[in-house]
Each structure stands twice: as structure tokens, then as C-alpha cells.
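Quick look at upload.json (JSON, C-alpha atoms and all ligand atoms):
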```
[["chain", "number", "residue", "atom", "x", "y", "z"],
["U", 15, "MET", "CA", 82.38, 98.73, 86.51],
["U", 16, "LEU", "CA", 79.89, 98.71, 89.40],
["U", 17, "ARG", "CA", 78.25, 102.05, 90.14],
["U", 18, "LEU", "CA", 78.02, 102.69, 93.88],
["U", 19, "ALA", "CA", 76.17, 105.16, 96.08],
["U", 20, "VAL", "CA", 77.59, 105.66, 99.58],
["U", 21, "LEU", "CA", 75.27, 106.55, 102.47],
["U", 22, "GLY", "CA", 77.39, 107.82, 105.37],
["U", 23, "CYS", "CA", 80.84, 109.32, 104.88],
["U", 24, "GLY", "CA", 82.37, 108.64, 108.30],
["U", 25, "ALA", "CA", 85.15, 106.27, 109.33],
["U", 26, "ILE", "CA", 84.02, 103.39, 107.13],
["U", 27, "GLY", "CA", 82.54, 105.39, 104.24],
["U", 28, "MET", "CA", 85.61, 107.60, 103.77],
["U", 29, "GLN", "CA", 88.02, 104.66, 103.81],
["U", 30, "LEU", "CA", 85.91, 102.84, 101.23],
["U", 31, "ILE", "CA", 85.75, 105.96, 99.09],
["U", 32, "ARG", "CA", 89.54, 106.42, 99.25],
["U", 33, "ALA", "CA", 90.20, 102.77, 98.38],
["U", 34, "LEU", "CA", 87.83, 102.98, 95.41],
["U", 35, "ALA", "CA", 89.36, 106.27, 94.25],
["U", 36, "GLU", "CA", 92.83, 104.72, 94.41],
["U", 37, "GLY", "CA", 91.63, 101.74, 92.36],
["U", 38, "ARG", "CA", 92.43, 99.26, 95.15],
["U", 39, "VAL", "CA", 88.98, 97.80, 94.57],
["U", 40, "GLN", "CA", 86.95, 98.17, 91.38],
["U", 41, "GLY", "CA", 83.86, 100.35, 91.45],
["U", 42, "GLU", "CA", 82.82, 103.91, 90.74],
["U", 43, "VAL", "CA", 81.21, 106.01, 93.45],
["U", 44, "VAL", "CA", 78.56, 108.04, 91.62],
["U", 45, "CYS", "CA", 76.68, 109.56, 94.55],
["U", 46, "VAL", "CA", 77.24, 110.24, 98.26],
["U", 47, "HIS", "CA", 75.03, 111.46, 101.07],
["U", 48, "ASP", "CA", 75.75, 112.34, 104.69],
["U", 49, "LEU", "CA", 73.85, 114.34, 107.30],
["U", 50, "SER", "CA", 77.02, 116.42, 107.43],
["U", 51, "ARG", "CA", 77.18, 118.30, 104.14],
["U", 52, "GLN", "CA", 80.84, 118.98, 104.80],
["U", 53, "ARG", "CA", 81.70, 115.26, 104.98],
["U", 54, "ALA", "CA", 79.67, 114.53, 101.87],
["U", 55, "GLU", "CA", 81.50, 117.28, 99.99],
["U", 56, "GLN", "CA", 84.86, 115.94, 101.13],
["U", 57, "ALA", "CA", 83.85, 112.48, 99.91],
["U", 58, "ALA", "CA", 82.69, 113.96, 96.62],
["U", 59, "ARG", "CA", 86.02, 115.74, 96.10],
["U", 60, "ILE", "CA", 87.89, 112.46, 96.54],
["U", 61, "SER", "CA", 85.59, 110.34, 94.41],
["U", 62, "GLY", "CA", 84.22, 112.76, 91.85],
["U", 63, "ALA", "CA", 80.71, 111.70, 92.92],
["U", 64, "GLU", "CA", 77.59, 113.87, 93.08],
["U", 65, "VAL", "CA", 76.42, 114.99, 96.53],
["U", 66, "ALA", "CA", 72.79, 114.02, 97.20],
["U", 67, "ASP", "CA", 70.86, 116.37, 99.49],
["U", 68, "SER", "CA", 68.63, 113.59, 100.78],
["U", 69, "LEU", "CA", 68.39, 109.83, 101.08],
["U", 70, "GLU", "CA", 65.70, 109.88, 98.42],
["U", 71, "GLU", "CA", 67.98, 111.68, 95.98],
["U", 72, "LEU", "CA", 70.75, 109.17, 96.69],
["U", 73, "LEU", "CA", 68.41, 106.26, 96.01],
["U", 74, "HIS", "CA", 67.31, 107.79, 92.71],
["U", 75, "SER", "CA", 70.88, 108.10, 91.45],
["U", 76, "ASP", "CA", 71.95, 105.64, 88.76],
["U", 77, "ALA", "CA", 73.97, 103.57, 91.25],
["U", 78, "GLN", "CA", 73.44, 99.82, 91.11],
["U", 79, "VAL", "CA", 74.59, 99.26, 94.68],
["U", 80, "VAL", "CA", 73.89, 101.37, 97.77],
["U", 81, "VAL", "CA", 76.59, 101.00, 100.42],
["U", 82, "GLU", "CA", 75.14, 101.89, 103.82],
["U", 83, "CYS", "CA", 77.71, 102.91, 106.43],
["U", 84, "ALA", "CA", 75.73, 105.51, 108.38],
["U", 85, "SER", "CA", 73.63, 104.26, 111.31],
["U", 86, "ILE", "CA", 70.97, 101.74, 112.24],
["U", 87, "ALA", "CA", 68.27, 104.39, 111.81],
["U", 88, "ALA", "CA", 69.56, 105.28, 108.33],
["U", 89, "ALA", "CA", 69.73, 101.61, 107.39],
["U", 90, "LYS", "CA", 66.14, 101.06, 108.53],
["U", 91, "SER", "CA", 64.80, 103.92, 106.43],
["U", 92, "MET", "CA", 66.89, 102.96, 103.40],
["U", 93, "LEU", "CA", 66.56, 99.19, 103.04],
["U", 94, "LEU", "CA", 63.07, 98.64, 101.62],
["U", 95, "PRO", "CA", 63.00, 101.76, 99.38],
["U", 96, "ALA", "CA", 66.39, 100.75, 97.94],
["U", 97, "LEU", "CA", 65.20, 97.21, 97.19],
["U", 98, "GLU", "CA", 61.99, 98.56, 95.67],
["U", 99, "LEU", "CA", 64.18, 100.55, 93.26],
["U", 100, "ASN", "CA", 66.02, 97.30, 92.41],
["U", 101, "LYS", "CA", 69.26, 98.41, 94.02],
["U", 102, "GLN", "CA", 71.54, 95.93, 95.69],
["U", 103, "VAL", "CA", 72.48, 96.94, 99.22],
["U", 104, "VAL", "CA", 75.71, 96.53, 101.16],
["U", 105, "LEU", "CA", 74.70, 96.86, 104.80],
["U", 106, "LEU", "CA", 77.21, 97.78, 107.51],
["U", 107, "SER", "CA", 74.68, 98.75, 110.19],
["U", 108, "THR", "CA", 73.63, 95.13, 110.46],
["U", 109, "GLY", "CA", 71.84, 95.90, 113.72],
["U", 110, "ALA", "CA", 68.93, 97.19, 111.59],
["U", 111, "LEU", "CA", 68.02, 93.58, 110.87],
["U", 112, "ALA", "CA", 67.41, 92.85, 114.55],
["U", 113, "ASP", "CA", 63.99, 94.35, 113.73],
["U", 114, "ALA", "CA", 62.11, 91.10, 113.03],
["U", 115, "GLU", "CA", 59.41, 92.74, 110.90],
["U", 116, "LEU", "CA", 61.97, 94.55, 108.73],
["U", 117, "LEU", "CA", 63.96, 91.32, 108.34],
["U", 118, "ARG", "CA", 60.80, 89.47, 107.29],
["U", 119, "ARG", "CA", 59.96, 92.11, 104.70],
["U", 120, "VAL", "CA", 63.51, 92.17, 103.34],
["U", 121, "GLU", "CA", 63.64, 88.37, 103.11],
["U", 122, "SER", "CA", 60.32, 88.25, 101.28],
["U", 123, "ARG", "CA", 61.76, 90.33, 98.42],
["U", 124, "HIS", "CA", 62.92, 87.44, 96.25],
["U", 125, "GLY", "CA", 65.49, 88.45, 93.69],
["U", 126, "SER", "CA", 66.78, 91.33, 95.84],
["U", 127, "LYS", "CA", 70.24, 91.18, 97.35],
["U", 128, "VAL", "CA", 71.39, 92.62, 100.69],
["U", 129, "HIS", "CA", 75.08, 91.88, 101.19],
["U", 130, "ILE", "CA", 76.31, 91.82, 104.77],
["U", 131, "PRO", "CA", 80.06, 92.00, 105.28],
["U", 132, "SER", "CA", 81.49, 89.84, 108.05],
["U", 133, "GLY", "CA", 82.44, 93.11, 109.79],
["U", 134, "ALA", "CA", 84.67, 92.99, 112.82],
["U", 135, "ILE", "CA", 84.36, 89.23, 113.16],
["U", 136, "GLY", "CA", 85.09, 85.99, 111.35],
["U", 137, "ALA", "CA", 83.79, 82.42, 111.17],
["U", 138, "LEU", "CA", 80.34, 83.37, 109.88],
["U", 139, "ASP", "CA", 80.90, 80.89, 107.04],
["U", 140, "ALA", "CA", 81.51, 78.09, 109.57],
["U", 141, "LEU", "CA", 78.41, 79.09, 111.57],
["U", 142, "ARG", "CA", 76.27, 79.07, 108.44],
["U", 143, "ALA", "CA", 77.52, 75.57, 107.66],
["U", 144, "ALA", "CA", 77.00, 74.42, 111.25],
["U", 145, "ARG", "CA", 73.40, 75.63, 111.14],
["U", 146, "GLU", "CA", 72.66, 73.15, 108.38],
["U", 147, "GLY", "CA", 73.03, 70.49, 111.10],
["U", 148, "GLU", "CA", 71.90, 70.99, 114.69],
["U", 149, "LEU", "CA", 73.50, 74.13, 116.12],
["U", 150, "ARG", "CA", 72.87, 74.10, 119.86],
["U", 151, "SER", "CA", 74.51, 77.22, 121.27],
["U", 152, "VAL", "CA", 76.23, 80.40, 120.13],
["U", 153, "LEU", "CA", 77.91, 82.90, 122.46],
["U", 154, "LEU", "CA", 79.63, 86.11, 121.41],
["U", 155, "ARG", "CA", 81.91, 87.59, 124.08],
["U", 156, "THR", "CA", 83.07, 91.09, 123.27],
["U", 157, "THR", "CA", 85.73, 92.97, 125.22],
["U", 158, "LYS", "CA", 86.38, 96.64, 124.53],
["U", 159, "PRO", "CA", 88.21, 99.53, 126.16],
["U", 160, "PRO", "CA", 85.71, 101.52, 128.26],
["U", 161, "ARG", "CA", 85.95, 104.57, 125.98],
["U", 162, "ALA", "CA", 84.59, 102.52, 123.07],
["U", 163, "LEU", "CA", 81.45, 101.74, 125.12],
["U", 164, "GLU", "CA", 80.87, 105.22, 126.57],
["U", 165, "GLY", "CA", 77.68, 106.97, 125.54],
["U", 166, "SER", "CA", 75.70, 103.82, 124.68],
["U", 167, "PRO", "CA", 72.05, 103.75, 125.85],
["U", 168, "TYR", "CA", 72.78, 100.91, 128.31],
["U", 169, "VAL", "CA", 75.72, 102.70, 129.92],
["U", 170, "ARG", "CA", 73.67, 105.90, 130.26],
["U", 171, "GLN", "CA", 70.55, 104.15, 131.64],
["U", 172, "LYS", "CA", 72.52, 102.13, 134.19],
["U", 173, "ARG", "CA", 74.70, 105.16, 134.97],
["U", 174, "LEU", "CA", 77.79, 102.97, 134.67],
["U", 175, "GLU", "CA", 81.00, 104.77, 135.56],
["U", 176, "LEU", "CA", 83.18, 103.03, 133.01],
["U", 177, "GLY", "CA", 86.04, 105.47, 133.59],
["U", 178, "ALA", "CA", 86.28, 104.24, 137.19],
["U", 179, "LEU", "CA", 86.89, 100.59, 136.23],
["U", 180, "ARG", "CA", 90.27, 99.22, 137.28],
["U", 181, "GLN", "CA", 89.88, 95.71, 135.86],
["U", 182, "ARG", "CA", 88.04, 93.75, 133.16],
["U", 183, "THR", "CA", 84.35, 93.74, 134.10],
["U", 184, "LYS", "CA", 81.33, 92.06, 132.52],
["U", 185, "ILE", "CA", 78.87, 94.91, 132.07],
["U", 186, "PHE", "CA", 76.20, 93.16, 129.97],
["U", 187, "SER", "CA", 74.84, 89.70, 129.42],
["U", 188, "GLY", "CA", 71.75, 88.94, 127.35],
["U", 189, "ASN", "CA", 70.62, 87.86, 123.92],
["U", 190, "ALA", "CA", 71.62, 89.58, 120.67],
["U", 191, "LEU", "CA", 68.31, 91.43, 120.43],
["U", 192, "GLU", "CA", 68.85, 92.97, 123.86],
["U", 193, "ALA", "CA", 72.51, 93.63, 123.07],
["U", 194, "ILE", "CA", 71.85, 95.65, 119.94],
["U", 195, "SER", "CA", 69.31, 97.90, 121.61],
["U", 196, "ALA", "CA", 71.65, 98.38, 124.57],
["U", 197, "PHE", "CA", 74.75, 99.07, 122.42],
["U", 198, "PRO", "CA", 73.51, 100.04, 118.92],
["U", 199, "ALA", "CA", 76.84, 101.49, 117.81],
["U", 200, "ASN", "CA", 78.99, 98.69, 119.21],
["U", 201, "ILE", "CA", 77.59, 95.31, 118.56],
["U", 202, "ASN", "CA", 76.41, 95.04, 114.95],
["U", 203, "VAL", "CA", 78.49, 91.85, 114.85],
["U", 204, "ALA", "CA", 76.01, 90.23, 117.25],
["U", 205, "VAL", "CA", 73.30, 90.58, 114.61],
["U", 206, "ALA", "CA", 75.59, 89.26, 111.86],
["U", 207, "VAL", "CA", 76.37, 86.26, 114.09],
["U", 208, "SER", "CA", 72.62, 85.80, 114.73],
["U", 209, "LEU", "CA", 71.79, 85.90, 111.04],
["U", 210, "ALA", "CA", 74.46, 83.27, 110.36],
["U", 211, "GLY", "CA", 73.47, 81.07, 113.28],
["U", 212, "LEU", "CA", 70.59, 80.86, 115.74],
["U", 213, "GLY", "CA", 68.78, 84.20, 115.36],
["U", 214, "THR", "CA", 68.79, 87.16, 117.71],
["U", 215, "GLU", "CA", 66.79, 85.56, 120.53],
["U", 216, "LYS", "CA", 68.93, 82.44, 120.94],
["U", 217, "THR", "CA", 72.33, 84.05, 120.40],
["U", 218, "GLN", "CA", 73.95, 84.92, 123.72],
["U", 219, "VAL", "CA", 76.08, 88.05, 124.07],
["U", 220, "GLU", "CA", 78.43, 89.19, 126.83],
["U", 221, "ILE", "CA", 80.08, 92.59, 126.82],
["U", 222, "HIS", "CA", 83.13, 93.28, 128.95],
["U", 223, "ALA", "CA", 84.82, 96.62, 129.53],
["U", 224, "ASP", "CA", 88.56, 96.34, 130.13],
["U", 225, "PRO", "CA", 90.68, 99.41, 130.95],
["U", 226, "ALA", "CA", 93.79, 97.44, 129.94],
["U", 227, "ALA", "CA", 92.39, 96.48, 126.50],
["U", 228, "ARG", "CA", 94.05, 98.16, 123.54],
["U", 229, "ARG", "CA", 92.00, 96.17, 121.03],
["U", 230, "ASN", "CA", 88.35, 95.28, 120.45],
["U", 231, "ILE", "CA", 88.24, 91.55, 121.12],
["U", 232, "HIS", "CA", 85.46, 89.31, 119.81],
["U", 233, "GLU", "CA", 85.34, 85.70, 120.91],
["U", 234, "LEU", "CA", 82.81, 83.42, 119.28],
["U", 235, "PHE", "CA", 81.87, 80.08, 120.83],
["U", 236, "ALA", "CA", 79.50, 77.65, 119.13],
["U", 237, "GLU", "CA", 78.54, 74.08, 119.70],
["U", 238, "GLY", "CA", 76.43, 71.66, 117.71],
["U", 239, "ASP", "CA", 76.46, 68.25, 116.10],
["U", 240, "PHE", "CA", 79.40, 69.43, 113.93],
["U", 241, "GLY", "CA", 81.56, 69.68, 117.07],
["U", 242, "ARG", "CA", 82.78, 72.93, 118.64],
["U", 243, "LEU", "CA", 84.01, 76.23, 117.32],
["U", 244, "TYR", "CA", 86.06, 78.97, 118.96],
["U", 245, "PHE", "CA", 87.14, 82.04, 117.00],
["U", 246, "ARG", "CA", 88.90, 85.08, 118.44],
["U", 247, "THR", "CA", 89.72, 88.37, 116.76],
["U", 248, "GLU", "CA", 91.76, 91.10, 118.42],
["U", 249, "ASN", "CA", 90.85, 94.14, 116.39],
["U", 250, "LEU", "CA", 92.65, 97.41, 116.23],
["U", 251, "PRO", "CA", 90.18, 100.29, 116.24],
["U", 252, "SER", "CA", 90.03, 102.43, 113.12],
["U", 253, "ARG", "CA", 91.85, 105.73, 113.48],
["U", 254, "GLU", "CA", 88.73, 107.78, 112.81],
["U", 255, "ASN", "CA", 86.29, 106.02, 115.15],
["U", 256, "PRO", "CA", 87.35, 104.01, 118.25],
["U", 257, "ARG", "CA", 84.02, 102.15, 118.19],
["U", 258, "THR", "CA", 84.74, 100.79, 114.70],
["U", 259, "SER", "CA", 87.30, 98.05, 114.15],
["U", 260, "GLN", "CA", 89.61, 98.35, 111.19],
["U", 261, "LEU", "CA", 88.67, 94.79, 110.17],
["U", 262, "ALA", "CA", 85.09, 96.00, 109.60],
["U", 263, "VAL", "CA", 86.37, 98.49, 107.02],
["U", 264, "LEU", "CA", 88.47, 95.78, 105.37],
["U", 265, "SER", "CA", 85.53, 93.36, 105.36],
["U", 266, "ALA", "CA", 83.44, 95.92, 103.47],
["U", 267, "LEU", "CA", 86.25, 96.31, 100.93],
["U", 268, "ALA", "CA", 86.51, 92.52, 100.59],
["U", 269, "LEU", "CA", 82.77, 92.40, 99.98],
["U", 270, "LEU", "CA", 82.95, 95.06, 97.26],
["U", 271, "ARG", "CA", 85.75, 93.04, 95.62],
["U", 272, "ARG", "CA", 83.62, 89.91, 95.82],
["U", 273, "LEU", "CA", 80.67, 91.64, 94.11],
["U", 274, "SER", "CA", 82.65, 91.90, 90.90],
["U", 275, "SER", "CA", 84.63, 88.66, 91.09],
["U", 276, "VAL", "CA", 83.92, 85.33, 89.46],
["U", 277, "LEU", "CA", 84.92, 83.23, 92.46],
["U", 278, "GLN", "CA", 82.53, 83.41, 95.41],
["U", 279, "LEU", "CA", 84.29, 82.00, 98.41],
["U", 280, "GLY", "CA", 82.54, 80.76, 101.58],
["D", 301, "LIG", "N1", 79.06, 95.39, 110.74],
["D", 301, "LIG", "C1", 80.08, 95.71, 111.53],
["D", 301, "LIG", "O1", 80.87, 94.87, 111.96],
["D", 301, "LIG", "C2", 80.29, 97.15, 111.86],
["D", 301, "LIG", "C3", 81.52, 97.55, 112.39],
["D", 301, "LIG", "C4", 81.70, 98.89, 112.66],
["D", 301, "LIG", "C5", 80.68, 99.80, 112.44],
["D", 301, "LIG", "N2", 79.49, 99.37, 111.96],
["D", 301, "LIG", "C6", 78.40, 100.32, 111.73],
["D", 301, "LIG", "O2", 78.62, 100.98, 110.49],
["D", 301, "LIG", "C7", 78.07, 102.29, 110.56],
["D", 301, "LIG", "C8", 79.16, 103.32, 110.17],
["D", 301, "LIG", "O3", 80.26, 103.21, 111.05],
["D", 301, "LIG", "P1", 81.38, 104.35, 111.09],
["D", 301, "LIG", "O4", 82.43, 103.90, 112.01],
["D", 301, "LIG", "O5", 81.73, 104.74, 109.69],
["D", 301, "LIG", "O6", 80.55, 105.53, 111.78],
["D", 301, "LIG", "P2", 80.89, 107.11, 111.78],
["D", 301, "LIG", "O7", 80.14, 107.67, 112.92],
["D", 301, "LIG", "O8", 82.35, 107.34, 111.69],
["D", 301, "LIG", "O9", 80.24, 107.62, 110.41],
["D", 301, "LIG", "C9", 78.87, 107.59, 110.17],
["D", 301, "LIG", "C10", 78.55, 108.69, 109.18],
["D", 301, "LIG", "O10", 77.19, 108.52, 108.76],
["D", 301, "LIG", "C11", 76.54, 109.79, 108.86],
["D", 301, "LIG", "N3", 75.13, 109.52, 109.12],
["D", 301, "LIG", "C12", 74.58, 109.05, 110.26],
["D", 301, "LIG", "N4", 73.24, 108.91, 110.10],
["D", 301, "LIG", "C13", 72.96, 109.33, 108.85],
["D", 301, "LIG", "C14", 71.76, 109.45, 108.10],
["D", 301, "LIG", "N5", 70.56, 109.13, 108.62],
["D", 301, "LIG", "N6", 71.83, 109.90, 106.83],
["D", 301, "LIG", "C15", 73.03, 110.27, 106.30],
["D", 301, "LIG", "N7", 74.20, 110.19, 106.96],
["D", 301, "LIG", "C16", 74.16, 109.72, 108.22],
["D", 301, "LIG", "C17", 77.24, 110.55, 109.97],
["D", 301, "LIG", "O11", 77.07, 111.94, 109.80],
["D", 301, "LIG", "C18", 78.68, 110.09, 109.79],
["D", 301, "LIG", "O12", 79.40, 110.92, 108.90],
["D", 301, "LIG", "C19", 77.55, 102.48, 112.00],
["D", 301, "LIG", "O13", 76.17, 102.20, 112.05],
["D", 301, "LIG", "C20", 78.33, 101.43, 112.77],
["D", 301, "LIG", "O14", 77.65, 101.01, 113.94],
["D", 301, "LIG", "C21", 79.30, 98.08, 111.64]]
```
Show this structure as C-alpha cells.
Amino acid sequence: MLRLAVLGCGAIGMQLIRALAEGRVQGEVVCVHDLSRQRAEQAARISGAEVADSLEELLHSDAQVVVECASIAAAKSMLLPALELNKQVVLLSTGALADAELLRRVESRHGSKVHIPSGAIGALDALRAAREGELRSVLLRTTKPPRALEGSPYVRQKRLELGALRQRTKIFSGNALEAISAFPANINVAVAVSLAGLGTEKTQVEIHADPAARRNIHELFAEGDFGRLYFRTENLPSRENPRTSQLAVLSALALLRRLSSVLQLG
């Protein structure tokens, strides 16, 4: 059975830990770490794991796989040390890989594995295939309820009054690199789409705030010599964190299942 260490025991981490404890997916959580000691202890009670007092202690546990579901900053400080210790990594804060130098260093570590779940989106398999031919354009259009976008650096800098919106409004347009620094907690999917397709500079992103939206909607448009692709997900937010779609949690579970299965689909 795979031995897992979980970094970040929030909405995603706790749901993964519960699913593993209930045997819905195979794997044993041996170590957990969270900036909040209380959350880590709650996770440890459910899983029977050790609580690590620091990232370093977590990385030196006997886990084979480190599951990061904490933050972009945590992912950035964890990735290379984890790979140096020959751990596999499951990375939820995909936005960390918008850092071109970090991506280069990760990719140069032949033999290492960083697994990236599809997160709150789909069709990454089709994009990856399309890229083998000529992929000309990729646009991700994300629509969220204003409260899911509140507090992001872009909204604060531009002093956007999202609560005052009465109709669906485009509040951001730019490439994926700009999108992830503007909305680090909202648009990890833009980096996953970039990694599958055209990279962060050529992937276009639009973010819309819609007071009538009850779901986080991601629409993916791509065009190339394969033809055209349109994929739309209407995600329900997870109960614990309105910024996180439930599908992202499920995609991490699907990835953990895949790690120990014979068939590798997609
Ligand atoms: N790939 C995707 O599609 C996708 C979808 C949703 C969320 N995410 C990302 O996954 C991550 C987790 O999401 P969530 O909804 O569980 O968030 P959350 O805020 O509910 O939980 C994050 C937990 O990590 C802890 N944490 C934060 N920084 C830490 C650090 N440096 N060291 C240790 N613990 C730390 C927090 O205390 C918190 O308990 C976030 O970065 C989020 O942006 C990715």
C-alpha cells in the first residue's frame, strides 16, 4: 500500500484523508503537516498519521508520495526538496509551476514524478494530444460568484467592488501567467491547462464575476490542426472552501487511485 504524507489539511486535504481512512481509495497516510496545528491534529486523529511540526519533518517521513494541498508558496518550497529525497509529489497548487525557473528545475529531474490532477477542469488529455500537432489557440473562461473571487490580489489592487455587481462582468483578461499572480487561490486550472497546451504565456484567460452564478464554471476553447475543442464544467464549490470546486477534490482522489492501478488511462 502506498505511504502518503499530506501537506495542508484544509478543504482538499481533509476530504482526501477521510476517503483514505474509509478505504475508498487505497493508501496509508503516515504523516501530516499544516500551519494550523489544530487541523493537523484533527487529520491525524482521522488517519492515525504522525503530525510533523515542519515541512522538513514531513519530507523526512517514510512516505513515498507527498500530497501537496496547501498553497502555492508551500508548493514552491516543497517541490525540489521532495524530489531530492526521491519522493513522488501530487501537486494541487499547480500555480507554483507558473514559475518558469522552478518548472525548468523540476523538469530537469529525470526519473522524478510530479503528478498533477486535472483539478476543477477536464479535457487536459485532449489538449495534450492536440499539442502533438499544431495547437494554435487556447482560452480558458472562468465564471465564479463574486464571493469566490473576493480577497484576491487583483481585486484588492484594482479596488473592485464585487459585491456591488448586478450582472455577469468580465473582471480580468490576460495570459495564464498574469492570471495566476492576480488570482493565486482561484485559477490553478489555468496553469494545468498551460502545462497541457501552449504554456503560460500563450494561454489566454478571462475571469468573470457573476452574482447569479451558483457554480464555478470553466469553459475551455482550443483550436488547432486537430479541429476545435469546447469543454464546459459547472462545478459545485466544496462545502469547506467556496474557492475550491468539489471536482478538484475528486480529481485528486482519482489520481491517488491511478497511482496504484495497472491501467493508466489518458
Ligand atoms: N488544481 C486545482 O484545480 C485546484 C483546485 C482547488 C484548489 N487548489 C489549490 O489547492 C490548495 C488547497 O486548497 P484547499 O481548498 O484545500 O485550501 P484550504 O485553504 O481549505 O486549505 C489549505 C490548508 O493548507 C494549510 N497551509 C497553507 N499554507 C501552508 C504551509 N506553508 N504549510 C503547511 N500548511 C499550509 C492551511 O493552514 C490550510 O489548512 C490551494 O493552493 C488551492 O489554491 C487547486
As lines of an AutoDock Vina configuration file, what would the box around stretch 89-94 of chain U look like: edges along x, y and z, 5 Å added on every side, centre and edge lengths in Å to one decimal?
```
center_x = 66.4
center_y = 101.3
center_z = 105.1
size_x = 16.7
size_y = 15.3
size_z = 16.9
```
* To do: Might you pull out every residue within 9 Å of U:Leu153, with only C-alpha atoms counted and same-chain residues fewer than 3 positions away left off, and present them as an MDAnalysis selection string?
  => chainID U and resid 189 217:220 233:236
* Surrounding residues as a PyMOL selection string, ligand LIG 301 (chain D), max 7 Å, only C-alpha atoms and all ligand atoms -> chain U and resi 21-27+47-50+53+69+83-88+106-108+131-135+198-200+202-203+254-255+257-259+262
* **Closest of U:Val79, U:Leu277, U:Asn100, U:Leu267 to U:His124 - atom-to-atom distances counting all atoms listed in the file** => U:Asn100
* Asked: If we count all atoms listed in the file, what is near U:Ala223 at a cut-off of 7 Å, once residues fewer than 2 positions away on the same chain are taken out, given as a PyMOL selection string?
  -> chain U and resi 157-160+182-185+221+225
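Counting only C-alpha atoms, the residue from U:Ala190, U:Ala227, U:Leu273, U:Val263 that sits nearest to U:Ile31 is U:Val263.
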* Give the answer as one residue: which of U:Arg272, U:Gly109, U:Ala206, U:Asp239 has the shortest atom-to-atom distance to U:Glu192, using all atoms listed in the file? =>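 Of U:Arg272, U:Gly109, U:Ala206, U:Asp239, the one nearest U:Glu192 is U:Gly109, counting all atoms listed in the file.
Taking only C-alpha atoms into account, U:Ala140 lies nearest to U:Val207 out of the set U:Val104, U:Val120, U:Val207, U:Leu72.
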* Asked: Quick one: distance from atom CA of U:Ala33 to atom CA of U:Ala204 in Å, one decimal?
  -> 26.7 Å
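Here the question is which of U:Leu149, U:Ala196, U:Leu93, U:Leu141 gets nearest to U:Ser166 using all atoms listed in the file, and that residue is U:Ala196.
Straight-line separation from atom CA of U:Ala89 to atom CA of U:Ser208: 17.7 Å.
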* To do: May I ask which of the residues U:Leu30, U:Ile201, U:Leu97, U:Leu250 is the closest one to U:Thr156, counting only C-alpha atoms?
  => U:Ile201
* Find the residues around U:Ala19 up to 12 Å (only C-alpha atoms counted), leave out those fewer than 2 positions away in its own chain, and share them as a PyMOL selection string. => chain U and resi 16-17+21-23+27+30-31+34+41-48+54+57-58+61-66+69-83+96+101-104
Quick one: write out the picked residues with C-alpha atoms as a PDB file, keeping the file's coordinate frame?
```pdb
ATOM      1  CA  LEU U  16      79.890  98.710  89.400  1.00  0.00           C
ATOM      2  CA  ARG U  17      78.250 102.050  90.140  1.00  0.00           C
ATOM      3  CA  LEU U  21      75.270 106.550 102.470  1.00  0.00           C
ATOM      4  CA  GLY U  22      77.390 107.820 105.370  1.00  0.00           C
ATOM      5  CA  CYS U  23      80.840 109.320 104.880  1.00  0.00           C
ATOM      6  CA  GLY U  27      82.540 105.390 104.240  1.00  0.00           C
ATOM      7  CA  LEU U  30      85.910 102.840 101.230  1.00  0.00           C
ATOM      8  CA  ILE U  31      85.750 105.960  99.090  1.00  0.00           C
ATOM      9  CA  LEU U  34      87.830 102.980  95.410  1.00  0.00           C
ATOM     10  CA  GLY U  41      83.860 100.350  91.450  1.00  0.00           C
ATOM     11  CA  GLU U  42      82.820 103.910  90.740  1.00  0.00           C
ATOM     12  CA  VAL U  43      81.210 106.010  93.450  1.00  0.00           C
ATOM     13  CA  VAL U  44      78.560 108.040  91.620  1.00  0.00           C
ATOM     14  CA  CYS U  45      76.680 109.560  94.550  1.00  0.00           C
ATOM     15  CA  VAL U  46      77.240 110.240  98.260  1.00  0.00           C
ATOM     16  CA  HIS U  47      75.030 111.460 101.070  1.00  0.00           C
ATOM     17  CA  ASP U  48      75.750 112.340 104.690  1.00  0.00           C
ATOM     18  CA  ALA U  54      79.670 114.530 101.870  1.00  0.00           C
ATOM     19  CA  ALA U  57      83.850 112.480  99.910  1.00  0.00           C
ATOM     20  CA  ALA U  58      82.690 113.960  96.620  1.00  0.00           C
ATOM     21  CA  SER U  61      85.590 110.340  94.410  1.00  0.00           C
ATOM     22  CA  GLY U  62      84.220 112.760  91.850  1.00  0.00           C
ATOM     23  CA  ALA U  63      80.710 111.700  92.920  1.00  0.00           C
ATOM     24  CA  GLU U  64      77.590 113.870  93.080  1.00  0.00           C
ATOM     25  CA  VAL U  65      76.420 114.990  96.530  1.00  0.00           C
ATOM     26  CA  ALA U  66      72.790 114.020  97.200  1.00  0.00           C
ATOM     27  CA  LEU U  69      68.390 109.830 101.080  1.00  0.00           C
ATOM     28  CA  GLU U  70      65.700 109.880  98.420  1.00  0.00           C
ATOM     29  CA  GLU U  71      67.980 111.680  95.980  1.00  0.00           C
ATOM     30  CA  LEU U  72      70.750 109.170  96.690  1.00  0.00           C
ATOM     31  CA  LEU U  73      68.410 106.260  96.010  1.00  0.00           C
ATOM     32  CA  HIS U  74      67.310 107.790  92.710  1.00  0.00           C
ATOM     33  CA  SER U  75      70.880 108.100  91.450  1.00  0.00           C
ATOM     34  CA  ASP U  76      71.950 105.640  88.760  1.00  0.00           C
ATOM     35  CA  ALA U  77      73.970 103.570  91.250  1.00  0.00           C
ATOM     36  CA  GLN U  78      73.440  99.820  91.110  1.00  0.00           C
ATOM     37  CA  VAL U  79      74.590  99.260  94.680  1.00  0.00           C
ATOM     38  CA  VAL U  80      73.890 101.370  97.770  1.00  0.00           C
ATOM     39  CA  VAL U  81      76.590 101.000 100.420  1.00  0.00           C
ATOM     40  CA  GLU U  82      75.140 101.890 103.820  1.00  0.00           C
ATOM     41  CA  CYS U  83      77.710 102.910 106.430  1.00  0.00           C
ATOM     42  CA  ALA U  96      66.390 100.750  97.940  1.00  0.00           C
ATOM     43  CA  LYS U 101      69.260  98.410  94.020  1.00  0.00           C
ATOM     44  CA  GLN U 102      71.540  95.930  95.690  1.00  0.00           C
ATOM     45  CA  VAL U 103      72.480  96.940  99.220  1.00  0.00           C
ATOM     46  CA  VAL U 104      75.710  96.530 101.160  1.00  0.00           C
TER      47      VAL U 104
END
```
* To do: Could you please determine the separation between atom CA of U:Leu174 and atom CA of U:Thr214 in Å, to one decimal place?
  =>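 Between atom CA of U:Leu174 and atom CA of U:Thr214 the gap is 24.9 Å.
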